[in-house]
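Next comes data.pdb, a file with PDB, C-alpha atoms and all ligand atoms.
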```pdb
ATOM      1  CA  MET O  29    -127.662  77.255  13.397  1.00  0.00           C
ATOM      2  CA  ALA O  30    -128.869  75.190  10.431  1.00  0.00           C
ATOM      3  CA  LYS O  31    -129.619  71.467  11.046  1.00  0.00           C
ATOM      4  CA  LYS O  32    -126.716  70.295   8.852  1.00  0.00           C
ATOM      5  CA  GLU O  33    -124.197  72.496  10.673  1.00  0.00           C
ATOM      6  CA  LEU O  34    -125.487  71.279  14.023  1.00  0.00           C
ATOM      7  CA  ALA O  35    -125.014  67.616  12.991  1.00  0.00           C
ATOM      8  CA  ALA O  36    -121.451  68.315  11.817  1.00  0.00           C
ATOM      9  CA  THR O  37    -120.635  70.005  15.136  1.00  0.00           C
ATOM     10  CA  ARG O  38    -121.947  66.993  17.073  1.00  0.00           C
ATOM     11  CA  GLN O  39    -119.849  64.563  14.993  1.00  0.00           C
ATOM     12  CA  THR O  40    -116.613  66.383  15.680  1.00  0.00           C
ATOM     13  CA  THR O  41    -117.212  66.848  19.411  1.00  0.00           C
ATOM     14  CA  ILE O  42    -114.499  65.113  21.420  1.00  0.00           C
ATOM     15  CA  ASN O  43    -116.008  62.275  23.363  1.00  0.00           C
ATOM     16  CA  ALA O  44    -114.616  59.736  25.840  1.00  0.00           C
ATOM     17  CA  GLN O  45    -116.670  56.905  24.395  1.00  0.00           C
ATOM     18  CA  PRO O  46    -114.469  54.350  22.517  1.00  0.00           C
ATOM     19  CA  ARG O  47    -115.705  53.731  18.971  1.00  0.00           C
ATOM     20  CA  LEU O  48    -116.350  50.002  19.107  1.00  0.00           C
ATOM     21  CA  HIS O  49    -117.269  47.342  16.500  1.00  0.00           C
ATOM     22  CA  GLN O  50    -115.880  49.235  13.536  1.00  0.00           C
ATOM     23  CA  ARG O  51    -115.559  47.619  10.107  1.00  0.00           C
ATOM     24  CA  ALA O  52    -114.478  48.985   6.746  1.00  0.00           C
ATOM     25  CA  SER O  53    -113.226  47.794   3.360  1.00  0.00           C
ATOM     26  CA  GLU O  54    -109.747  46.286   3.142  1.00  0.00           C
ATOM     27  CA  ILE O  55    -107.004  48.741   2.374  1.00  0.00           C
ATOM     28  CA  GLN O  56    -105.115  46.141   0.282  1.00  0.00           C
ATOM     29  CA  ALA O  57    -106.288  42.844  -1.200  1.00  0.00           C
ATOM     30  CA  TYR O  58    -104.407  39.602  -0.539  1.00  0.00           C
ATOM     31  CA  GLY O  59    -102.268  38.566  -3.503  1.00  0.00           C
ATOM     32  CA  THR O  60    -101.425  42.103  -4.586  1.00  0.00           C
ATOM     33  CA  VAL O  61     -98.338  44.243  -4.103  1.00  0.00           C
ATOM     34  CA  SER O  62     -98.711  47.890  -3.175  1.00  0.00           C
ATOM     35  CA  HIS O  63     -96.361  50.867  -2.943  1.00  0.00           C
ATOM     36  CA  GLY O  64     -92.924  50.785  -4.410  1.00  0.00           C
ATOM     37  CA  LEU O  65     -90.448  51.390  -1.642  1.00  0.00           C
ATOM     38  CA  PRO O  66     -87.129  52.495  -3.121  1.00  0.00           C
ATOM     39  CA  LEU O  67     -85.892  48.895  -3.303  1.00  0.00           C
ATOM     40  CA  GLU O  68     -84.932  48.744  -6.988  1.00  0.00           C
ATOM     41  CA  LEU O  69     -87.167  45.690  -7.431  1.00  0.00           C
ATOM     42  CA  GLU O  70     -89.800  45.752 -10.176  1.00  0.00           C
ATOM     43  CA  GLU O  71     -93.428  44.918  -9.410  1.00  0.00           C
ATOM     44  CA  PRO O  72     -93.479  41.536 -11.256  1.00  0.00           C
ATOM     45  CA  VAL O  73     -90.480  40.404  -9.177  1.00  0.00           C
ATOM     46  CA  ARG O  74     -92.146  41.467  -5.924  1.00  0.00           C
ATOM     47  CA  LEU O  75     -95.408  39.820  -6.988  1.00  0.00           C
ATOM     48  CA  GLU O  76     -93.743  36.473  -7.737  1.00  0.00           C
ATOM     49  CA  MET O  77     -91.609  36.547  -4.591  1.00  0.00           C
ATOM     50  CA  THR O  78     -94.477  37.456  -2.252  1.00  0.00           C
ATOM     51  CA  GLU O  79     -96.614  34.673  -3.725  1.00  0.00           C
ATOM     52  CA  GLN O  80     -93.827  32.126  -3.162  1.00  0.00           C
ATOM     53  CA  LEU O  81     -92.991  33.485   0.290  1.00  0.00           C
ATOM     54  CA  ASN O  82     -96.651  33.154   1.302  1.00  0.00           C
ATOM     55  CA  LEU O  83     -96.526  29.428   0.465  1.00  0.00           C
ATOM     56  CA  LEU O  84     -93.344  29.120   2.513  1.00  0.00           C
ATOM     57  CA  LEU O  85     -95.004  31.085   5.323  1.00  0.00           C
ATOM     58  CA  ALA O  86     -98.113  28.878   5.408  1.00  0.00           C
ATOM     59  CA  ASP O  87     -95.953  25.745   5.529  1.00  0.00           C
ATOM     60  CA  THR O  88     -93.716  27.227   8.229  1.00  0.00           C
ATOM     61  CA  MET O  89     -96.720  28.236  10.363  1.00  0.00           C
ATOM     62  CA  THR O  90     -98.083  24.718  10.008  1.00  0.00           C
ATOM     63  CA  LEU O  91     -94.745  23.183  11.008  1.00  0.00           C
ATOM     64  CA  ARG O  92     -94.556  25.591  13.959  1.00  0.00           C
ATOM     65  CA  ASP O  93     -97.978  24.422  15.151  1.00  0.00           C
ATOM     66  CA  LEU O  94     -97.080  20.771  14.551  1.00  0.00           C
ATOM     67  CA  TYR O  95     -94.152  21.283  16.939  1.00  0.00           C
ATOM     68  CA  LYS O  96     -96.457  22.660  19.665  1.00  0.00           C
ATOM     69  CA  LYS O  97     -98.908  19.793  19.153  1.00  0.00           C
ATOM     70  CA  SER O  98     -95.993  17.344  19.492  1.00  0.00           C
ATOM     71  CA  HIS O  99     -94.658  19.211  22.558  1.00  0.00           C
ATOM     72  CA  TRP O 100     -98.008  18.857  24.333  1.00  0.00           C
ATOM     73  CA  GLN O 101     -99.005  15.385  23.201  1.00  0.00           C
ATOM     74  CA  VAL O 102     -95.702  13.463  23.341  1.00  0.00           C
ATOM     75  CA  ALA O 103     -95.704  10.271  25.474  1.00  0.00           C
ATOM     76  CA  GLY O 104     -93.263   7.577  26.529  1.00  0.00           C
ATOM     77  CA  PRO O 105     -89.807   7.099  28.096  1.00  0.00           C
ATOM     78  CA  THR O 106     -88.308   9.993  26.083  1.00  0.00           C
ATOM     79  CA  PHE O 107     -91.098  12.357  27.107  1.00  0.00           C
ATOM     80  CA  TYR O 108     -89.010  14.981  28.891  1.00  0.00           C
ATOM     81  CA  GLN O 109     -86.229  15.186  26.313  1.00  0.00           C
ATOM     82  CA  LEU O 110     -88.626  15.418  23.367  1.00  0.00           C
ATOM     83  CA  HIS O 111     -90.980  17.778  25.215  1.00  0.00           C
ATOM     84  CA  LEU O 112     -88.065  20.229  25.524  1.00  0.00           C
ATOM     85  CA  LEU O 113     -86.657  19.651  22.035  1.00  0.00           C
ATOM     86  CA  PHE O 114     -90.039  20.160  20.336  1.00  0.00           C
ATOM     87  CA  ASP O 115     -90.504  23.446  22.186  1.00  0.00           C
ATOM     88  CA  LYS O 116     -87.006  24.656  21.247  1.00  0.00           C
ATOM     89  CA  HIS O 117     -87.735  23.980  17.586  1.00  0.00           C
ATOM     90  CA  TYR O 118     -91.146  25.659  17.975  1.00  0.00           C
ATOM     91  CA  ASP O 119     -89.472  28.832  19.271  1.00  0.00           C
ATOM     92  CA  GLU O 120     -87.048  28.828  16.345  1.00  0.00           C
ATOM     93  CA  GLN O 121     -89.916  28.401  13.857  1.00  0.00           C
ATOM     94  CA  VAL O 122     -91.759  31.319  15.505  1.00  0.00           C
ATOM     95  CA  GLU O 123     -88.778  33.547  14.639  1.00  0.00           C
ATOM     96  CA  ILE O 124     -88.703  32.261  11.069  1.00  0.00           C
ATOM     97  CA  VAL O 125     -92.442  32.917  10.639  1.00  0.00           C
ATOM     98  CA  ASP O 126     -91.941  36.542  11.616  1.00  0.00           C
ATOM     99  CA  GLU O 127     -88.977  37.005   9.290  1.00  0.00           C
ATOM    100  CA  ILE O 128     -90.849  35.583   6.274  1.00  0.00           C
ATOM    101  CA  ALA O 129     -94.035  37.553   7.037  1.00  0.00           C
ATOM    102  CA  GLU O 130     -92.180  40.834   7.421  1.00  0.00           C
ATOM    103  CA  ARG O 131     -90.241  40.284   4.176  1.00  0.00           C
ATOM    104  CA  ILE O 132     -93.584  39.819   2.363  1.00  0.00           C
ATOM    105  CA  GLN O 133     -94.853  43.108   3.809  1.00  0.00           C
ATOM    106  CA  LEU O 134     -91.694  45.040   2.975  1.00  0.00           C
ATOM    107  CA  LEU O 135     -91.895  43.773  -0.610  1.00  0.00           C
ATOM    108  CA  GLY O 136     -95.382  45.356  -0.728  1.00  0.00           C
ATOM    109  CA  GLY O 137     -97.346  42.122  -0.345  1.00  0.00           C
ATOM    110  CA  VAL O 138     -99.854  40.863   2.215  1.00  0.00           C
ATOM    111  CA  SER O 139     -98.793  38.069   4.563  1.00  0.00           C
ATOM    112  CA  VAL O 140    -101.125  35.143   5.106  1.00  0.00           C
ATOM    113  CA  SER O 141    -101.830  35.125   8.845  1.00  0.00           C
ATOM    114  CA  MET O 142    -104.981  33.467  10.155  1.00  0.00           C
ATOM    115  CA  ALA O 143    -105.259  29.726  10.863  1.00  0.00           C
ATOM    116  CA  ALA O 144    -108.098  29.058   8.408  1.00  0.00           C
ATOM    117  CA  ASP O 145    -106.223  30.762   5.556  1.00  0.00           C
ATOM    118  CA  VAL O 146    -103.007  28.953   6.490  1.00  0.00           C
ATOM    119  CA  ALA O 147    -104.852  25.607   6.487  1.00  0.00           C
ATOM    120  CA  GLU O 148    -106.149  26.282   2.963  1.00  0.00           C
ATOM    121  CA  THR O 149    -102.685  27.227   1.698  1.00  0.00           C
ATOM    122  CA  THR O 150    -100.241  24.755   3.254  1.00  0.00           C
ATOM    123  CA  ARG O 151     -98.937  21.671   1.443  1.00  0.00           C
ATOM    124  CA  ILE O 152     -98.293  19.816   4.739  1.00  0.00           C
ATOM    125  CA  GLU O 153    -100.599  16.872   5.507  1.00  0.00           C
ATOM    126  CA  ARG O 154    -103.149  17.532   8.240  1.00  0.00           C
ATOM    127  CA  PRO O 155    -102.523  15.349  11.308  1.00  0.00           C
ATOM    128  CA  PRO O 156    -105.385  13.899  13.400  1.00  0.00           C
ATOM    129  CA  ARG O 157    -106.567  15.844  16.475  1.00  0.00           C
ATOM    130  CA  GLY O 158    -105.670  12.963  18.783  1.00  0.00           C
ATOM    131  CA  ARG O 159    -102.287  11.821  20.087  1.00  0.00           C
ATOM    132  CA  GLU O 160     -99.872   9.716  18.072  1.00  0.00           C
ATOM    133  CA  GLU O 161     -96.821   7.701  19.116  1.00  0.00           C
ATOM    134  CA  VAL O 162     -93.339   9.228  19.015  1.00  0.00           C
ATOM    135  CA  PRO O 163     -92.077   7.665  15.739  1.00  0.00           C
ATOM    136  CA  VAL O 164     -95.176   8.960  13.956  1.00  0.00           C
ATOM    137  CA  GLN O 165     -94.834  12.430  15.496  1.00  0.00           C
ATOM    138  CA  ILE O 166     -91.206  12.623  14.383  1.00  0.00           C
ATOM    139  CA  SER O 167     -91.989  11.260  10.912  1.00  0.00           C
ATOM    140  CA  ARG O 168     -94.699  13.882  10.404  1.00  0.00           C
ATOM    141  CA  LEU O 169     -92.279  16.624  11.467  1.00  0.00           C
ATOM    142  CA  LEU O 170     -89.587  15.307   9.098  1.00  0.00           C
ATOM    143  CA  ASP O 171     -92.072  15.150   6.193  1.00  0.00           C
ATOM    144  CA  ALA O 172     -93.033  18.765   6.879  1.00  0.00           C
ATOM    145  CA  HIS O 173     -89.374  19.820   6.972  1.00  0.00           C
ATOM    146  CA  GLN O 174     -88.780  18.013   3.676  1.00  0.00           C
ATOM    147  CA  ILE O 175     -91.526  20.025   1.940  1.00  0.00           C
ATOM    148  CA  ILE O 176     -90.096  23.282   3.299  1.00  0.00           C
ATOM    149  CA  ILE O 177     -86.484  22.405   2.457  1.00  0.00           C
ATOM    150  CA  GLY O 178     -87.382  21.406  -1.116  1.00  0.00           C
ATOM    151  CA  HIS O 179     -89.264  24.660  -1.597  1.00  0.00           C
ATOM    152  CA  CYS O 180     -86.401  26.689  -0.076  1.00  0.00           C
ATOM    153  CA  ARG O 181     -83.916  25.324  -2.614  1.00  0.00           C
ATOM    154  CA  GLN O 182     -86.193  26.185  -5.583  1.00  0.00           C
ATOM    155  CA  LEU O 183     -87.151  29.570  -4.189  1.00  0.00           C
ATOM    156  CA  ALA O 184     -83.581  30.600  -3.351  1.00  0.00           C
ATOM    157  CA  ARG O 185     -82.423  29.824  -6.908  1.00  0.00           C
ATOM    158  CA  ARG O 186     -85.374  31.682  -8.456  1.00  0.00           C
ATOM    159  CA  ALA O 187     -84.913  34.720  -6.182  1.00  0.00           C
ATOM    160  CA  SER O 188     -81.270  34.931  -7.220  1.00  0.00           C
ATOM    161  CA  GLU O 189     -82.194  34.547 -10.918  1.00  0.00           C
ATOM    162  CA  ILE O 190     -84.639  37.458 -10.891  1.00  0.00           C
ATOM    163  CA  GLY O 191     -82.463  39.733  -8.749  1.00  0.00           C
ATOM    164  CA  ASP O 192     -84.097  39.497  -5.308  1.00  0.00           C
ATOM    165  CA  ASP O 193     -80.916  38.872  -3.301  1.00  0.00           C
ATOM    166  CA  GLY O 194     -82.591  39.762   0.006  1.00  0.00           C
ATOM    167  CA  THR O 195     -85.125  36.955  -0.390  1.00  0.00           C
ATOM    168  CA  ASN O 196     -82.366  34.571  -1.481  1.00  0.00           C
ATOM    169  CA  ASP O 197     -80.367  35.408   1.646  1.00  0.00           C
ATOM    170  CA  LEU O 198     -83.372  35.067   3.988  1.00  0.00           C
ATOM    171  CA  VAL O 199     -84.378  31.725   2.491  1.00  0.00           C
ATOM    172  CA  VAL O 200     -80.863  30.237   2.567  1.00  0.00           C
ATOM    173  CA  SER O 201     -79.407  31.738   5.742  1.00  0.00           C
ATOM    174  CA  ASP O 202     -82.450  31.746   7.998  1.00  0.00           C
ATOM    175  CA  VAL O 203     -85.010  29.248   6.723  1.00  0.00           C
ATOM    176  CA  LEU O 204     -83.030  26.517   4.949  1.00  0.00           C
ATOM    177  CA  ARG O 205     -80.168  26.259   7.437  1.00  0.00           C
ATOM    178  CA  ALA O 206     -82.441  26.194  10.504  1.00  0.00           C
ATOM    179  CA  ASN O 207     -84.616  23.510   8.901  1.00  0.00           C
ATOM    180  CA  GLU O 208     -81.597  21.386   7.964  1.00  0.00           C
ATOM    181  CA  LEU O 209     -80.324  21.525  11.547  1.00  0.00           C
ATOM    182  CA  GLN O 210     -83.718  20.610  13.004  1.00  0.00           C
ATOM    183  CA  VAL O 211     -83.939  17.658  10.590  1.00  0.00           C
ATOM    184  CA  TRP O 212     -80.658  16.318  11.953  1.00  0.00           C
ATOM    185  CA  PHE O 213     -81.799  16.611  15.569  1.00  0.00           C
ATOM    186  CA  LEU O 214     -85.074  14.823  14.783  1.00  0.00           C
ATOM    187  CA  SER O 215     -83.658  12.107  12.530  1.00  0.00           C
ATOM    188  CA  GLU O 216     -81.210  10.845  15.142  1.00  0.00           C
ATOM    189  CA  HIS O 217     -84.225   9.851  17.260  1.00  0.00           C
ATOM    190  CA  LEU O 218     -85.315   7.387  14.578  1.00  0.00           C
ATOM    191  CA  VAL O 219     -82.077   5.382  14.643  1.00  0.00           C
ATOM    192  CA  ASP O 220     -82.913   2.022  16.166  1.00  0.00           C
ATOM    193  CA  VAL O 221     -80.071   1.494  18.659  1.00  0.00           C
ATOM    194  CA  PRO O 222     -80.386  -0.524  21.902  1.00  0.00           C
ATOM    195  CA  LEU O 223     -81.046   1.501  25.054  1.00  0.00           C
ATOM    196  CA  VAL O 224     -79.416  -0.829  27.613  1.00  0.00           C
ATOM    197  CA  HIS O 225     -78.092  -4.122  26.138  1.00  0.00           C
ATOM    198  CA  ALA O 226     -75.549  -3.922  23.317  1.00  0.00           C
ATOM    199  CA  GLN O 227     -76.391  -6.246  20.450  1.00  0.00           C
ATOM    200  CA  GLU O 228     -74.205  -9.418  20.192  1.00  0.00           C
ATOM    201  CA  PRO O 229     -71.985  -9.419  17.047  1.00  0.00           C
ATOM    202  CA  SER O 230     -73.513 -12.768  15.947  1.00  0.00           C
ATOM    203  CA  VAL O 231     -77.055 -11.292  16.114  1.00  0.00           C
ATOM    204  CA  ARG O 232     -75.883  -8.287  14.156  1.00  0.00           C
ATOM    205  CA  LYS O 233     -74.505 -10.471  11.313  1.00  0.00           C
ATOM    206  CA  ALA O 234     -77.660 -12.586  11.181  1.00  0.00           C
ATOM    207  CA  GLY O 235     -79.805  -9.452  11.020  1.00  0.00           C
TER     208      GLY O 235
HETATM  209 FE    FE C   1     -94.971  24.166  27.204  1.00  0.00          FE
END
```
Would you put the structure from the file into structure tokens?
Amino acid sequence: MAKKELAATRQTTINAQPRLHQRASEIQAYGTVSHGLPLELEEPVRLEMTEQLNLLLADTMTLRDLYKKSHWQVAGPTFYQLHLLFDKHYDEQVEIVDEIAERIQLLGGVSVSMAADVAETTRIERPPRGREEVPVQISRLLDAHQIIIGHCRQLARRASEIGDDGTNDLVVSDVLRANELQVWFLSEHLVDVPLVHAQEPSVRKAG
């Protein structure tokens, strides 16, 4: 058997050894759209929508992580209530992240996914590593929601304009509505009402 043939035989021999540490070129670059599934959506539409959805995804992943940070680091008399609420909102944002990411992929795009790439893409202000008091935690969360809600309104209108009804529906029904509801639940914690003693009417007028 010639040397070349022998080498080819060795390569194709079935072997129990796992093939570890493999690397290869990307199969699709970030920022591009591939294949046309039979969706009746032109490439420029899918390109614009995936770019916008990736911004929404990066912001949503950041908000999701801000909820977990707040869940772990919260302190004070409302600890237990907020600890649970922050985790509930975190779980809801996890679902939204998956829905946005999978819409990007089905439109032929590439979803942003890793923390470093998300950090470079998001418009949400980076919080410090340390702990902050409750009003600051809630304010940061509300600011993040505001960025996402503003973007949702623009994106939903644009998606409708250029014929991507699926993206419009996802953004309005799943992302916008969930964010609006979470904003309500958070905001009520920033209303300065007495915990035990009702305020005298005379004090109220003077204030
Ligand atoms: Fe937990």
What are the centre and edge lengths in Å, to one decimal, of the axis-aligned box around all listed atoms of stretch 212-224 of chain O with 5 Å added on each side, as lines of an AutoDock Vina configuration file?
```
center_x = -82.4
center_y = 7.9
center_z = 19.8
size_x = 15.9
size_y = 27.4
size_z = 25.7
```
Excluding O:Leu170 and any residue of its chain fewer than 6 positions from it, enumerate the residues within 10 Å of it, using all atoms listed in the file, and give them as a PDB file with C-alpha atoms, keeping the file's coordinate frame.
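And here is the file that came out, part19.pdb:
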```pdb
ATOM      1  CA  LEU O  91     -94.745  23.183  11.008  1.00  0.00           C
ATOM      2  CA  VAL O 164     -95.176   8.960  13.956  1.00  0.00           C
ATOM      3  CA  ILE O 176     -90.096  23.282   3.299  1.00  0.00           C
ATOM      4  CA  ASN O 207     -84.616  23.510   8.901  1.00  0.00           C
ATOM      5  CA  GLN O 210     -83.718  20.610  13.004  1.00  0.00           C
ATOM      6  CA  VAL O 211     -83.939  17.658  10.590  1.00  0.00           C
ATOM      7  CA  TRP O 212     -80.658  16.318  11.953  1.00  0.00           C
ATOM      8  CA  LEU O 214     -85.074  14.823  14.783  1.00  0.00           C
ATOM      9  CA  SER O 215     -83.658  12.107  12.530  1.00  0.00           C
TER      10      SER O 215
END
```
Once the PyMOL selection byres (((chain O and resi 177) around 9) and not hetatm) has been evaluated on this model, what residues remain selected, and can you format them as JSON, numbers by chain? {"O": [172, 173, 174, 175, 176, 178, 179, 180, 181, 182, 203, 204, 205, 207, 208]}
Selection within 9 Å of ligand FE 1 (chain C) by only C-alpha atoms and all ligand atoms, output as a PyMOL selection string: chain O and resi 96+99-100+111-112+115
Please produce a file of those selected residues containing C-alpha atoms, as a PDB file, in the coordinates of the input.
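Heads up, here's the output in out-v4.pdb:
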```pdb
ATOM      1  CA  LYS O  96     -96.457  22.660  19.665  1.00  0.00           C
ATOM      2  CA  HIS O  99     -94.658  19.211  22.558  1.00  0.00           C
ATOM      3  CA  TRP O 100     -98.008  18.857  24.333  1.00  0.00           C
ATOM      4  CA  HIS O 111     -90.980  17.778  25.215  1.00  0.00           C
ATOM      5  CA  LEU O 112     -88.065  20.229  25.524  1.00  0.00           C
ATOM      6  CA  ASP O 115     -90.504  23.446  22.186  1.00  0.00           C
TER       7      ASP O 115
END
```
If I take atom CA of O:His217 and atom CA of O:Val162, how far is one from the other in Å, to one decimal?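 Result for atom CA of O:His217 versus atom CA of O:Val162: 9.3 Å, one decimal.
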Written as a PyMOL selection string, what is the full residue list that the PyMOL selection byres (((chain O and resi 119) around 12) and not hetatm) yields on the file shown? chain O and resi 88-89+91-93+95-96+99+112-118+120-126+206+210
For those residues, write C-alpha atoms to a file as a PDB file, in the frame of the given file.
```
ATOM      1  CA  THR O  88     -93.716  27.227   8.229  1.00  0.00           C
ATOM      2  CA  MET O  89     -96.720  28.236  10.363  1.00  0.00           C
ATOM      3  CA  LEU O  91     -94.745  23.183  11.008  1.00  0.00           C
ATOM      4  CA  ARG O  92     -94.556  25.591  13.959  1.00  0.00           C
ATOM      5  CA  ASP O  93     -97.978  24.422  15.151  1.00  0.00           C
ATOM      6  CA  TYR O  95     -94.152  21.283  16.939  1.00  0.00           C
ATOM      7  CA  LYS O  96     -96.457  22.660  19.665  1.00  0.00           C
ATOM      8  CA  HIS O  99     -94.658  19.211  22.558  1.00  0.00           C
ATOM      9  CA  LEU O 112     -88.065  20.229  25.524  1.00  0.00           C
ATOM     10  CA  LEU O 113     -86.657  19.651  22.035  1.00  0.00           C
ATOM     11  CA  PHE O 114     -90.039  20.160  20.336  1.00  0.00           C
ATOM     12  CA  ASP O 115     -90.504  23.446  22.186  1.00  0.00           C
ATOM     13  CA  LYS O 116     -87.006  24.656  21.247  1.00  0.00           C
ATOM     14  CA  HIS O 117     -87.735  23.980  17.586  1.00  0.00           C
ATOM     15  CA  TYR O 118     -91.146  25.659  17.975  1.00  0.00           C
ATOM     16  CA  GLU O 120     -87.048  28.828  16.345  1.00  0.00           C
ATOM     17  CA  GLN O 121     -89.916  28.401  13.857  1.00  0.00           C
ATOM     18  CA  VAL O 122     -91.759  31.319  15.505  1.00  0.00           C
ATOM     19  CA  GLU O 123     -88.778  33.547  14.639  1.00  0.00           C
ATOM     20  CA  ILE O 124     -88.703  32.261  11.069  1.00  0.00           C
ATOM     21  CA  VAL O 125     -92.442  32.917  10.639  1.00  0.00           C
ATOM     22  CA  ASP O 126     -91.941  36.542  11.616  1.00  0.00           C
ATOM     23  CA  ALA O 206     -82.441  26.194  10.504  1.00  0.00           C
ATOM     24  CA  GLN O 210     -83.718  20.610  13.004  1.00  0.00           C
TER      25      GLN O 210
END
```
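From atom CA of O:Ala86 back to atom CA of O:Ser167, the distance works out to 19.4 Å.
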How many Å separate atom CA of O:Ile55 from atom CA of O:Gly136?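 Taking atom CA of O:Ile55 as the start and atom CA of O:Gly136 as the end point, the length is 12.5 Å.
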Decode the PyMOL selection byres (((chain O and resi 104) around 12) and not hetatm) for the given file into explicit residues and return them as a PyMOL selection string. chain O and resi 101-103+105-111+159-163
Stretch 128-146 of chain O dumped to file, N, CA and C atoms, as a short mmCIF file (atom, residue, chain, number, x, y, z; two decimals), in the first residue's frame:
```cif
data_model
loop_
_atom_site.label_atom_id
_atom_site.label_comp_id
_atom_site.auth_asym_id
_atom_site.auth_seq_id
_atom_site.Cartn_x
_atom_site.Cartn_y
_atom_site.Cartn_z
N ILE O 128 -36.04 37.10 21.93
CA ILE O 128 -35.39 38.06 21.01
C ILE O 128 -34.27 37.35 20.24
N ALA O 129 -33.44 36.60 20.98
CA ALA O 129 -32.28 35.93 20.35
C ALA O 129 -32.74 34.96 19.26
N GLU O 130 -33.80 34.22 19.54
CA GLU O 130 -34.24 33.23 18.56
C GLU O 130 -34.91 33.90 17.35
N ARG O 131 -35.52 35.06 17.56
CA ARG O 131 -36.08 35.79 16.40
C ARG O 131 -34.94 36.27 15.50
N ILE O 132 -33.84 36.74 16.10
CA ILE O 132 -32.69 37.18 15.30
C ILE O 132 -32.18 36.01 14.45
N GLN O 133 -32.06 34.84 15.06
CA GLN O 133 -31.55 33.67 14.32
C GLN O 133 -32.50 33.25 13.22
N LEU O 134 -33.80 33.28 13.49
CA LEU O 134 -34.74 32.84 12.45
C LEU O 134 -34.81 33.83 11.29
N LEU O 135 -34.46 35.10 11.57
CA LEU O 135 -34.41 36.08 10.49
C LEU O 135 -33.10 35.97 9.70
N GLY O 136 -32.23 35.03 10.11
CA GLY O 136 -30.97 34.81 9.39
C GLY O 136 -29.79 35.53 10.01
N GLY O 137 -30.00 36.22 11.11
CA GLY O 137 -28.93 36.98 11.75
C GLY O 137 -28.13 36.16 12.75
N VAL O 138 -27.27 36.85 13.48
CA VAL O 138 -26.45 36.23 14.53
C VAL O 138 -26.71 36.98 15.83
N SER O 139 -27.15 36.28 16.84
CA SER O 139 -27.48 36.93 18.11
C SER O 139 -26.22 37.23 18.91
N VAL O 140 -26.17 38.43 19.47
CA VAL O 140 -25.08 38.75 20.40
C VAL O 140 -25.30 37.85 21.62
N SER O 141 -24.23 37.31 22.21
CA SER O 141 -24.47 36.36 23.29
C SER O 141 -23.51 36.45 24.47
N MET O 142 -22.25 36.75 24.25
CA MET O 142 -21.30 36.68 25.36
C MET O 142 -21.20 38.01 26.10
N ALA O 143 -20.90 37.93 27.40
CA ALA O 143 -20.93 39.10 28.29
C ALA O 143 -20.09 40.27 27.76
N ALA O 144 -18.90 39.99 27.27
CA ALA O 144 -18.02 41.07 26.82
C ALA O 144 -18.63 41.79 25.61
N ASP O 145 -19.24 41.03 24.72
CA ASP O 145 -19.87 41.64 23.53
C ASP O 145 -21.12 42.43 23.93
N VAL O 146 -21.85 41.88 24.90
CA VAL O 146 -23.05 42.57 25.40
C VAL O 146 -22.65 43.90 26.05
#
```
